[in-house]
Amino acid sequence: GCARHQIAAVIPELICAMRACAKIGAVHSVVVAGYSSEALNARIDGSESKVIITADGSRINGTIFPMKQIIDDAVKFSPPVESVIVVRNTKSEISMDSTRDHWFHELCKLPIVKK
């Protein structure tokens, strides 16, 4: 099965992603912000995740937590990960891998997305 991991920010897209995974029967795991890249890597490898849904960052106690950077560090040595879907939450400056990373808002513009 295809496992989906998410780094949780309290945003509507998180709830939509969890519900979508449940609706199609995809195995998924919700991971809260705060995991180190090493701990996240162990979870990704253990579940053989192919897709990660995350945000550019999350505001925690007034500072921006670099969620996308932690994902990048965690998947560096995780060959099963094929796609990282990124929700623009904080508008933080982040790096995007053109072969792997996709903006959530851009994917929503595709003709296959039902509104």
# chains A, B, ... in the order shown; residues from 1 in each chain; ligands from 1
$ select_by_dssp --residues "chain A" --states "helix (DSSP H, G or I)" --output "ChimeraX atom specification"
/A:12-24,37-47,67-75,104-107
$ closest_atom_pairs --of "range 50-104 of chain A" --to "range 21-28 of chain A" --cutoff "12 Å" --atoms "only C-alpha atoms" --output "tab-separated table"
residue	atom	partner	partner_atom	distance
A:Lys50	CA	A:His28	CA	10.4
A:Val51	CA	A:His28	CA	9.5
A:Ile52	CA	A:His28	CA	9.5
A:Ile53	CA	A:His28	CA	10.3
$ closest_residue --among "A:Arg88, A:Trp103, A:Ser95, A:Ile44" --to "Pro12 in chain A" --atoms "only C-alpha atoms"
A:Arg88
$ residues_around --residues "Ile11 in chain A" --least-positions-apart "2" --cutoff "12 Å" --atoms "only C-alpha atoms" --output "list in words"
Gln6, Ile7, Ala8, Ala9, Glu13, Leu14, Ile15, Cys16, Ala17, Met18, Thr54, Ala55, Asp56, Gly57, Ser58, Arg59, Val87, Arg88, Asn89 and Thr90 of chain A
$ select_by_dssp --residues "range 12-97 of chain A" --states "strand (DSSP E)" --output "list in words"
Val27, His28, Ser29, Val30, Val31, Val32, Val51, Ile52, Ile53, Thr54, Ala55, Ser58, Arg59, Ile60, Thr63, Ile64, Phe65, Ser83, Val84, Ile85, Val86 and Val87 of chain A
$ atom_distance --atom1 "CA of Pro80 in chain A" --atom2 "CA of Ile64 in chain A"
28.1 Å
$ atom_distance --atom1 "CA of Ser36 in chain A" --atom2 "CA of Ile70 in chain A"
6.9 Å
$ closest_residue --among "A:Val31, A:Met67, A:Ala74, A:Val81" --to "Ile94 in chain A" --atoms "only C-alpha atoms"
A:Met67
$ atom_distance --atom1 "CA of Val75 in chain A" --atom2 "CA of Ser92 in chain A"
19.7 Å
